[in-house]
Amino acid sequence: MEHTSEPKVAVLIPCFNEAKPIATVVADFRAALPDADIYVYDNNSTDDTADIARAAGAIVRVETQQGKGNVVRRMFADIDADVYVMVDGDNTYEASAAPAMVDKLMNETLDMVSGSRVTEVEEAYRPGHKFGNWMLTNLVAGIFGKGTKDMLTGYRIFSRRFVKSFPALSRGFEIETELTVHALELRMPIADVDTAYIDRLPGSDSKLNTILDGVRILKMIILLVKEERPFALFCGIGALLGIVSLVLGAPIVVEFIETGLVPRFPTAILVSAIMVIGVLSFMSGLILDTVTLGRREMKRMAYLALPAPIRR
């Protein structure tokens, strides 16, 4: 009879000032995944988050560089497991959904399963956050391809090969965008699972700033377009500059043909400079596209160096 070994599961909980809910989060995930190792990474909390998490039975570690992206980078680097469950420490995610999400990842040989938030409680998922998530999710889908309906969820299940091939460049809440784009760029098999989104416990405040973090996420999307789609970006800029140059230069060319004179010499110099910059932008796009292809191949090789998430 063939023996089937269960995967080693690690629950990763990045935390900053979550003293109120963290004991509940640890207890709920201990009940949902009794064989998992539960790690709480404290990110310079000024309350008793670390002590309470340790008393609740979690393995507590510290990341001193502020920001969720820095914490995720450290967690992914330090912890070895077959399956990684990453969840925020604010007790807004449904721990009881974790076993089914892990099973889905293993049974369908996926690399990421995202907990897509579903709630009827307006205070839990405010309209501003919901609209911003919808807008940014669709923006990323239009650029990189559709892969998830809730790009900014803090509840995800990862395979080992996803985690160990992920470069983790972000510092803050932009990390969610980077995680999604990494999966889309390497064409990883991913899926969504609807999960309940719960209101925070009294005394526990959200760390997310709708406007400020929205701008940071938008900046991350622009950065990822530059990094992953340089040909489209720089060729688009080059084409725009070329059109501007042609529009401004057409009257000068017509006048030169008719009179043999170039009376607006400064404009002619400006038009020439714009066209040169446009050509340089186009050439930069071609060169950077080759560099990006090489980087993508390296990440793909790191990804393929690890086995798929299947039960043996």
# chains A, B, ... in the order shown; residues from 1 in each chain; ligands from 1
$ select_by_dssp --residues "segment 123-290 of chain A" --states "helix (DSSP H, G or I)" --output "ChimeraX atom specification"
/A:127-144,160-163,175-185,210-228,230-259,265-290
$ residues_around --residues "Leu304 of chain A" --least-positions-apart "5" --cutoff "9 Å" --atoms "only C-alpha atoms" --output "list in words"
Arg161, Ser165 and Lys299 of chain A
$ write_last_selection --atoms "C-alpha atoms" --output "CSV table (one decimal), in the first residue's frame"
chain,number,residue,atom,x,y,z
A,161,ARG,CA,8.1,27.1,-5.6
A,165,SER,CA,11.1,32.2,-6.7
A,299,LYS,CA,12.8,33.4,-12.2
$ residues_around --residues "Ala55 of chain A" --least-positions-apart "6" --cutoff "12 Å" --atoms "only C-alpha atoms" --output "VMD selection string"
chain A and resid 19 22 to 24 26 to 27 40 48 to 49
$ write_last_selection --atoms "C-alpha atoms" --output "compact mmCIF listing (two decimals), in the first residue's frame"
# COMPACT_ATOMS: atom_id res chain seq x y z
CA ALA A 19 -2.41 42.83 20.57
CA ILE A 22 -3.63 38.11 17.63
CA ALA A 23 -4.44 35.48 20.26
CA THR A 24 -7.74 34.76 18.50
CA VAL A 26 -3.41 32.07 16.41
CA ALA A 27 -6.03 29.95 18.19
CA VAL A 40 4.01 35.56 13.97
CA ASP A 48 2.16 43.44 23.59
CA THR A 49 1.56 41.72 20.23
$ atom_distance --atom1 "atom CA of Asp90 of chain A" --atom2 "atom CA of Met188 of chain A"
28.6 Å
$ residues_around --residues "Ser96 of chain A" --least-positions-apart "5" --cutoff "10 Å" --atoms "only C-alpha atoms" --output "VMD selection string"
chain A and resid 28 to 29 31 to 33 101 195 to 196
$ residues_around --residues "Asn43 of chain A" --least-positions-apart "3" --cutoff "10 Å" --atoms "only C-alpha atoms" --output "list in words"
Pro14, Cys15, Phe16, Asn17, Val40, Thr46, Thr49, Ala50, Arg61, Val62, Glu63, Thr64, Gln65, Gln66, Gly67, Lys68, Asn70 and Val71 of chain A
$ closest_residue --among "A:Leu169, A:Leu240, A:Leu152, A:Ala53" --to "Arg74 of chain A" --atoms "only C-alpha atoms"
A:Leu169
$ residues_around --residues "Ala58 of chain A" --least-positions-apart "2" --cutoff "6 Å" --atoms "only C-alpha atoms" --output "PyMOL selection string"
chain A and resi 38-39+53-54+56+60
$ residues_around --residues "Asp150 of chain A" --least-positions-apart "5" --cutoff "9 Å" --atoms "only C-alpha atoms" --output "list in words"
Ser114, Gly115, Ser116, Arg117, Asn133, Trp134, Thr137 and Asp192 of chain A
$ atom_distance --atom1 "atom CA of Ala10 of chain A" --atom2 "atom CA of Gly57 of chain A"
13.7 Å
$ closest_residue --among "A:Met75, A:Leu212, A:Ala191, A:Ile221" --to "Ala141 of chain A" --atoms "only C-alpha atoms"
A:Ile221
$ decode --residues "segment 106-200 of chain A" --atoms "C-alpha atoms" --output "PDB file, in the first residue's frame"
ATOM      1  CA  MET A 106      -2.532  20.477  -3.474  1.00  0.00           C
ATOM      2  CA  ASN A 107      -5.266  18.627  -5.379  1.00  0.00           C
ATOM      3  CA  GLU A 108      -5.193  20.954  -8.389  1.00  0.00           C
ATOM      4  CA  THR A 109      -1.391  21.488  -8.306  1.00  0.00           C
ATOM      5  CA  LEU A 110      -1.720  25.264  -7.985  1.00  0.00           C
ATOM      6  CA  ASP A 111       0.870  27.809  -6.888  1.00  0.00           C
ATOM      7  CA  MET A 112      -1.404  30.412  -5.294  1.00  0.00           C
ATOM      8  CA  VAL A 113      -4.933  30.358  -3.909  1.00  0.00           C
ATOM      9  CA  SER A 114      -6.328  33.760  -2.925  1.00  0.00           C
ATOM     10  CA  GLY A 115      -9.074  34.263  -0.371  1.00  0.00           C
ATOM     11  CA  SER A 116     -11.482  36.542  -2.211  1.00  0.00           C
ATOM     12  CA  ARG A 117     -13.281  38.659   0.379  1.00  0.00           C
ATOM     13  CA  VAL A 118     -17.055  38.403   0.689  1.00  0.00           C
ATOM     14  CA  THR A 119     -18.964  40.329   3.352  1.00  0.00           C
ATOM     15  CA  GLU A 120     -22.260  42.017   4.095  1.00  0.00           C
ATOM     16  CA  VAL A 121     -20.747  44.135   6.864  1.00  0.00           C
ATOM     17  CA  GLU A 122     -19.937  47.577   5.456  1.00  0.00           C
ATOM     18  CA  GLU A 123     -17.636  48.423   8.376  1.00  0.00           C
ATOM     19  CA  ALA A 124     -15.459  45.382   7.596  1.00  0.00           C
ATOM     20  CA  TYR A 125     -14.892  46.210   3.942  1.00  0.00           C
ATOM     21  CA  ARG A 126     -15.481  49.930   3.477  1.00  0.00           C
ATOM     22  CA  PRO A 127     -16.815  51.180   0.119  1.00  0.00           C
ATOM     23  CA  GLY A 128     -13.653  53.248  -0.510  1.00  0.00           C
ATOM     24  CA  HIS A 129     -11.445  50.197  -0.015  1.00  0.00           C
ATOM     25  CA  LYS A 130     -13.757  48.019  -2.119  1.00  0.00           C
ATOM     26  CA  PHE A 131     -13.803  50.521  -5.012  1.00  0.00           C
ATOM     27  CA  GLY A 132     -10.034  51.031  -4.860  1.00  0.00           C
ATOM     28  CA  ASN A 133      -9.457  47.277  -4.883  1.00  0.00           C
ATOM     29  CA  TRP A 134     -11.820  46.837  -7.844  1.00  0.00           C
ATOM     30  CA  MET A 135     -10.143  49.632  -9.801  1.00  0.00           C
ATOM     31  CA  LEU A 136      -6.566  48.468  -9.136  1.00  0.00           C
ATOM     32  CA  THR A 137      -7.431  44.799  -9.713  1.00  0.00           C
ATOM     33  CA  ASN A 138      -8.925  45.614 -13.100  1.00  0.00           C
ATOM     34  CA  LEU A 139      -5.994  47.878 -13.984  1.00  0.00           C
ATOM     35  CA  VAL A 140      -3.546  45.029 -13.318  1.00  0.00           C
ATOM     36  CA  ALA A 141      -5.795  42.582 -15.196  1.00  0.00           C
ATOM     37  CA  GLY A 142      -5.799  44.886 -18.229  1.00  0.00           C
ATOM     38  CA  ILE A 143      -1.990  45.114 -18.253  1.00  0.00           C
ATOM     39  CA  PHE A 144      -0.792  41.706 -17.065  1.00  0.00           C
ATOM     40  CA  GLY A 145      -3.829  39.483 -17.603  1.00  0.00           C
ATOM     41  CA  LYS A 146      -6.776  38.440 -15.456  1.00  0.00           C
ATOM     42  CA  GLY A 147      -5.888  36.043 -12.657  1.00  0.00           C
ATOM     43  CA  THR A 148      -7.769  37.087  -9.521  1.00  0.00           C
ATOM     44  CA  LYS A 149     -10.813  39.123  -8.596  1.00  0.00           C
ATOM     45  CA  ASP A 150      -9.361  40.360  -5.279  1.00  0.00           C
ATOM     46  CA  MET A 151      -5.773  41.446  -5.879  1.00  0.00           C
ATOM     47  CA  LEU A 152      -5.328  43.117  -2.482  1.00  0.00           C
ATOM     48  CA  THR A 153      -6.521  40.296  -0.227  1.00  0.00           C
ATOM     49  CA  GLY A 154      -4.247  39.545   2.703  1.00  0.00           C
ATOM     50  CA  TYR A 155      -5.243  35.855   2.782  1.00  0.00           C
ATOM     51  CA  ARG A 156      -3.295  33.602   0.409  1.00  0.00           C
ATOM     52  CA  ILE A 157      -1.980  30.051   0.140  1.00  0.00           C
ATOM     53  CA  PHE A 158       1.331  29.543  -1.685  1.00  0.00           C
ATOM     54  CA  SER A 159       3.366  26.643  -2.952  1.00  0.00           C
ATOM     55  CA  ARG A 160       7.026  26.372  -2.005  1.00  0.00           C
ATOM     56  CA  ARG A 161       8.098  27.057  -5.571  1.00  0.00           C
ATOM     57  CA  PHE A 162       6.105  30.309  -5.622  1.00  0.00           C
ATOM     58  CA  VAL A 163       7.678  31.513  -2.374  1.00  0.00           C
ATOM     59  CA  LYS A 164      11.254  30.613  -3.229  1.00  0.00           C
ATOM     60  CA  SER A 165      11.111  32.201  -6.706  1.00  0.00           C
ATOM     61  CA  PHE A 166       9.500  35.455  -5.514  1.00  0.00           C
ATOM     62  CA  PRO A 167      11.935  38.434  -5.516  1.00  0.00           C
ATOM     63  CA  ALA A 168       9.929  40.594  -3.049  1.00  0.00           C
ATOM     64  CA  LEU A 169      10.869  44.173  -3.930  1.00  0.00           C
ATOM     65  CA  SER A 170       8.072  45.998  -2.082  1.00  0.00           C
ATOM     66  CA  ARG A 171       8.297  47.593   1.348  1.00  0.00           C
ATOM     67  CA  GLY A 172       4.682  48.141   2.329  1.00  0.00           C
ATOM     68  CA  PHE A 173       1.147  47.131   1.372  1.00  0.00           C
ATOM     69  CA  GLU A 174       2.183  47.158  -2.305  1.00  0.00           C
ATOM     70  CA  ILE A 175       3.393  43.605  -1.681  1.00  0.00           C
ATOM     71  CA  GLU A 176      -0.059  42.236  -2.568  1.00  0.00           C
ATOM     72  CA  THR A 177       0.202  43.729  -6.061  1.00  0.00           C
ATOM     73  CA  GLU A 178       3.706  42.322  -6.511  1.00  0.00           C
ATOM     74  CA  LEU A 179       2.552  38.837  -5.455  1.00  0.00           C
ATOM     75  CA  THR A 180      -0.220  38.882  -8.040  1.00  0.00           C
ATOM     76  CA  VAL A 181       1.962  40.167 -10.874  1.00  0.00           C
ATOM     77  CA  HIS A 182       4.662  37.577 -10.083  1.00  0.00           C
ATOM     78  CA  ALA A 183       2.118  34.793 -10.559  1.00  0.00           C
ATOM     79  CA  LEU A 184       0.737  36.322 -13.759  1.00  0.00           C
ATOM     80  CA  GLU A 185       4.160  36.974 -15.319  1.00  0.00           C
ATOM     81  CA  LEU A 186       5.338  33.395 -14.768  1.00  0.00           C
ATOM     82  CA  ARG A 187       1.915  32.099 -15.869  1.00  0.00           C
ATOM     83  CA  MET A 188       1.505  30.116 -12.681  1.00  0.00           C
ATOM     84  CA  PRO A 189      -1.689  28.135 -12.064  1.00  0.00           C
ATOM     85  CA  ILE A 190      -3.684  30.153  -9.517  1.00  0.00           C
ATOM     86  CA  ALA A 191      -7.267  30.305  -8.245  1.00  0.00           C
ATOM     87  CA  ASP A 192      -9.663  32.261  -6.023  1.00  0.00           C
ATOM     88  CA  VAL A 193     -11.808  30.939  -3.190  1.00  0.00           C
ATOM     89  CA  ASP A 194     -14.591  33.081  -1.711  1.00  0.00           C
ATOM     90  CA  THR A 195     -13.976  33.614   2.009  1.00  0.00           C
ATOM     91  CA  ALA A 196     -15.857  35.539   4.656  1.00  0.00           C
ATOM     92  CA  TYR A 197     -14.422  38.928   5.594  1.00  0.00           C
ATOM     93  CA  ILE A 198     -15.069  39.800   9.230  1.00  0.00           C
ATOM     94  CA  ASP A 199     -15.216  43.140  11.014  1.00  0.00           C
ATOM     95  CA  ARG A 200     -12.295  43.974  13.308  1.00  0.00           C
TER      96      ARG A 200
END
